[in-house]
Structures are given as structure tokens and as C-alpha cells.
Amino acid sequence: MSKKIDFHFKSPNDSPGYLLGQLTMLWQRKQKRVLDPLDLTSTQFILLASLGWLSKKSNAVTQVDIANQANLDRMMVSKVLRTLEEKDFITRQEHGMDTRAKIIALTDKGAEVLQNAIVVVENADIDFFSTIEKDLEFFNFKMVQLINENQDGS
């Protein structure tokens, strides 16, 4: 290699982005292991969990509500929701007031698989983050802060 490559950080362990990427890949691997037996991907779980949270406050949860709650692209959410509908985990119905919107609801089968997924995912999270148990509240606070500050994509 003839050209010298310059890095801002002295080593990969000094780079927050690199470390976050490594941590995310390890966490996603653990999530995949516990969700595979339930026939769910991580994204499908996130959308079902978002629907579960939103359904506690409203009986008229839309695809847009779910996309916003999950902080995911609306088109991708629509495609994943179609898959969840094919699995009979959700229903999608026309909105009574807005014909462009769809009302999303959990089926009994979807509620059951979501409840099972919540248990295995939360246990996996407890295990994964156990080494920072005493600092977990601060870690979560800082993650929420970063999410809020970077949500607009800039």
C-alpha cells in the first residue's frame, strides 16, 4: 500500500461508531438466536412490539404510527407488515376516515407470539447487558439522548 491512511481515532477501540457497530452485530446475533424459533426476524419483532405498545393507548394504530414508533422507513414497514399479515400475526384494515391509511391490529396468534417473543428478547437483553447492570440506567439514558438528537437524520 503506497498511500498512508489517516484515522481520527488512534485505534478501533477509541472509535464510538466502530464499537457501536460491533456491539450492534453481537446483540443482533443474540436476538436472532432467540427469535428464530418463533419464526420472527428482529424487524418483525420490533414492529409487533411497537404495535403492542401503541395498542395500549389506541385501538386505531396505523402503519405510520408503527413506522414512527419504530423509527423505520414507511415503505419497509409496509412490506414487513404484509409478511406479518401472511403469518396471521396482524390484520390490516382500511381506516374509516382516511382511505390511504391502514389500521393495524394484533390477531390472537400475533398477541401470543408477541408475548412469547417479549419474554425471550427481554431475557436475552438482561443476559447481554448484565456486565453493565449497575450502569444500565445511565447507558439507556445516553442511548435515548443520542436517538433524540439524531432522529431527523442529519
# chains A, B, ... in the order shown; residues from 1 in each chain; ligands from 1

$ select_by_dssp --residues "stretch 55-151 of chain A" --states "strand (DSSP E)" --output "list in words"
Ile90, Thr91, Arg92, Gln93, Glu94, Lys102, Ile103, Ile104, Ala105 and Leu106 of chain A

$ write_last_selection --atoms "N, CA, C and O atoms" --output "PDB file, in the first residue's frame"
ATOM      1  N   ILE A  90     -51.083 -10.273  12.345  1.00  0.00           N
ATOM      2  CA  ILE A  90     -51.769  -8.979  12.380  1.00  0.00           C
ATOM      3  C   ILE A  90     -52.880  -8.966  11.342  1.00  0.00           C
ATOM      4  O   ILE A  90     -52.913  -9.801  10.436  1.00  0.00           O
ATOM      5  N   THR A  91     -53.769  -7.980  11.486  1.00  0.00           N
ATOM      6  CA  THR A  91     -54.736  -7.667  10.442  1.00  0.00           C
ATOM      7  C   THR A  91     -54.484  -6.229  10.006  1.00  0.00           C
ATOM      8  O   THR A  91     -54.008  -5.403  10.801  1.00  0.00           O
ATOM      9  N   ARG A  92     -54.775  -5.963   8.746  1.00  0.00           N
ATOM     10  CA  ARG A  92     -54.666  -4.600   8.200  1.00  0.00           C
ATOM     11  C   ARG A  92     -55.998  -4.275   7.561  1.00  0.00           C
ATOM     12  O   ARG A  92     -56.450  -4.985   6.675  1.00  0.00           O
ATOM     13  N   GLN A  93     -56.635  -3.200   8.042  1.00  0.00           N
ATOM     14  CA  GLN A  93     -57.941  -2.812   7.522  1.00  0.00           C
ATOM     15  C   GLN A  93     -57.917  -1.345   7.137  1.00  0.00           C
ATOM     16  O   GLN A  93     -57.134  -0.560   7.683  1.00  0.00           O
ATOM     17  N   GLU A  94     -58.813  -1.000   6.214  1.00  0.00           N
ATOM     18  CA  GLU A  94     -58.927   0.401   5.796  1.00  0.00           C
ATOM     19  C   GLU A  94     -59.323   1.270   6.991  1.00  0.00           C
ATOM     20  O   GLU A  94     -60.147   0.871   7.814  1.00  0.00           O
ATOM     21  N   LYS A 102     -54.019   2.527   6.876  1.00  0.00           N
ATOM     22  CA  LYS A 102     -54.435   1.181   7.284  1.00  0.00           C
ATOM     23  C   LYS A 102     -54.387   1.116   8.808  1.00  0.00           C
ATOM     24  O   LYS A 102     -53.438   1.571   9.437  1.00  0.00           O
ATOM     25  N   ILE A 103     -55.430   0.501   9.380  1.00  0.00           N
ATOM     26  CA  ILE A 103     -55.462   0.243  10.816  1.00  0.00           C
ATOM     27  C   ILE A 103     -54.865  -1.152  11.027  1.00  0.00           C
ATOM     28  O   ILE A 103     -55.284  -2.122  10.399  1.00  0.00           O
ATOM     29  N   ILE A 104     -53.902  -1.240  11.928  1.00  0.00           N
ATOM     30  CA  ILE A 104     -53.192  -2.488  12.178  1.00  0.00           C
ATOM     31  C   ILE A 104     -53.587  -2.998  13.556  1.00  0.00           C
ATOM     32  O   ILE A 104     -53.618  -2.236  14.526  1.00  0.00           O
ATOM     33  N   ALA A 105     -53.888  -4.286  13.643  1.00  0.00           N
ATOM     34  CA  ALA A 105     -54.247  -4.900  14.930  1.00  0.00           C
ATOM     35  C   ALA A 105     -53.597  -6.274  15.033  1.00  0.00           C
ATOM     36  O   ALA A 105     -53.414  -6.968  14.032  1.00  0.00           O
ATOM     37  N   LEU A 106     -53.255  -6.640  16.255  1.00  0.00           N
ATOM     38  CA  LEU A 106     -52.735  -7.975  16.520  1.00  0.00           C
ATOM     39  C   LEU A 106     -53.872  -8.989  16.440  1.00  0.00           C
ATOM     40  O   LEU A 106     -54.975  -8.719  16.920  1.00  0.00           O
TER      41      LEU A 106
END

$ residues_around --residues "stretch 67-71 of chain A" --least-positions-apart "2" --cutoff "9 Å" --atoms "only C-alpha atoms" --output "list of chain:residue names"
A:Ile46, A:Leu47, A:Ala49, A:Ser50, A:Leu51, A:Trp53, A:Leu54, A:Thr62, A:Gln63, A:Val64, A:Asp65, A:Asp73, A:Arg74, A:Met75, A:Met76, A:Val77, A:Ser78, A:Gln151

$ select_by_dssp --residues "stretch 86-130 of chain A" --states "helix (DSSP H, G or I)" --output "MDAnalysis selection string"
chainID A and resid 86 108:128 130

$ closest_residue --among "A:Leu26, A:Ala101, A:Val61, A:Leu35" --to "A:Glu122" --atoms "only C-alpha atoms"
A:Leu35

$ closest_residue --among "A:Leu84, A:Leu23, A:Val144, A:Pro12" --to "A:Leu114" --atoms "only C-alpha atoms"
A:Leu84

$ closest_residue --among "A:Lys87, A:Arg29, A:Arg100, A:Lys109" --to "A:Asp125" --atoms "only C-alpha atoms"
A:Arg29

$ residues_around --residues "A:Asp108" --least-positions-apart "5" --cutoff "9 Å" --atoms "only C-alpha atoms" --output "JSON list (two decimals) with C-alpha atoms, in the first residue's frame"
[["chain", "number", "residue", "atom", "x", "y", "z"],
["A", 88, "ASP", "CA", -51.67, -14.31, 10.58],
["A", 89, "PHE", "CA", -49.97, -12.22, 13.32],
["A", 90, "ILE", "CA", -51.77, -8.98, 12.38],
["A", 113, "VAL", "CA", -46.23, -14.91, 19.55]]

$ residues_around --residues "A:Asn123" --least-positions-apart "6" --cutoff "12 Å" --atoms "only C-alpha atoms" --output "compact mmCIF listing (two decimals) with all heavy atoms, in the first residue's frame"
# COMPACT_ATOMS: atom_id res chain seq x y z
N LYS A 30 -27.54 -12.34 18.96
CA LYS A 30 -28.22 -12.94 20.11
C LYS A 30 -29.74 -12.87 19.92
O LYS A 30 -30.45 -13.84 20.20
CB LYS A 30 -27.81 -12.23 21.40
CG LYS A 30 -28.35 -12.90 22.63
CD LYS A 30 -27.67 -12.36 23.88
CE LYS A 30 -27.93 -13.25 25.04
NZ LYS A 30 -26.82 -14.08 25.43
N GLN A 31 -30.24 -11.74 19.42
CA GLN A 31 -31.66 -11.59 19.17
C GLN A 31 -32.14 -12.61 18.14
O GLN A 31 -33.20 -13.22 18.29
CB GLN A 31 -31.98 -10.17 18.67
CG GLN A 31 -31.70 -9.08 19.67
CD GLN A 31 -32.56 -9.17 20.88
OE1 GLN A 31 -33.78 -9.19 20.78
NE2 GLN A 31 -31.97 -9.22 22.04
N VAL A 34 -32.73 -16.12 19.57
CA VAL A 34 -33.94 -16.33 20.38
C VAL A 34 -35.22 -16.13 19.58
O VAL A 34 -36.27 -16.68 19.94
CB VAL A 34 -33.96 -15.46 21.67
CG1 VAL A 34 -32.76 -15.79 22.55
CG2 VAL A 34 -34.05 -13.98 21.38
N LEU A 35 -35.16 -15.37 18.48
CA LEU A 35 -36.36 -15.11 17.68
C LEU A 35 -36.59 -16.16 16.59
O LEU A 35 -37.73 -16.39 16.19
CB LEU A 35 -36.30 -13.71 17.05
CG LEU A 35 -36.47 -12.55 18.03
CD1 LEU A 35 -36.17 -11.23 17.34
CD2 LEU A 35 -37.87 -12.55 18.62
N ASN A 116 -44.63 -14.29 23.74
CA ASN A 116 -43.51 -15.22 23.82
C ASN A 116 -42.20 -14.55 23.42
O ASN A 116 -41.15 -14.77 24.05
CB ASN A 116 -43.76 -16.45 22.95
CG ASN A 116 -44.87 -17.32 23.48
OD1 ASN A 116 -45.18 -17.33 24.67
ND2 ASN A 116 -45.52 -18.06 22.59
N ALA A 117 -42.26 -13.74 22.37
CA ALA A 117 -41.06 -13.04 21.90
C ALA A 117 -40.57 -12.03 22.93
O ALA A 117 -39.35 -11.90 23.15
CB ALA A 117 -41.35 -12.35 20.57
N PHE A 129 -26.71 -7.49 28.53
CA PHE A 129 -26.28 -6.26 29.19
C PHE A 129 -25.92 -6.46 30.66
O PHE A 129 -25.68 -5.49 31.38
CB PHE A 129 -27.36 -5.18 29.05
CG PHE A 129 -27.56 -4.73 27.63
CD1 PHE A 129 -28.66 -5.15 26.91
CD2 PHE A 129 -26.64 -3.90 27.00
CE1 PHE A 129 -28.85 -4.74 25.59
CE2 PHE A 129 -26.81 -3.49 25.69
CZ PHE A 129 -27.93 -3.91 24.98
N SER A 130 -25.84 -7.71 31.11
CA SER A 130 -25.61 -7.98 32.53
C SER A 130 -24.28 -7.43 33.04
O SER A 130 -24.18 -7.06 34.21
CB SER A 130 -25.69 -9.49 32.81
OG SER A 130 -24.64 -10.16 32.14
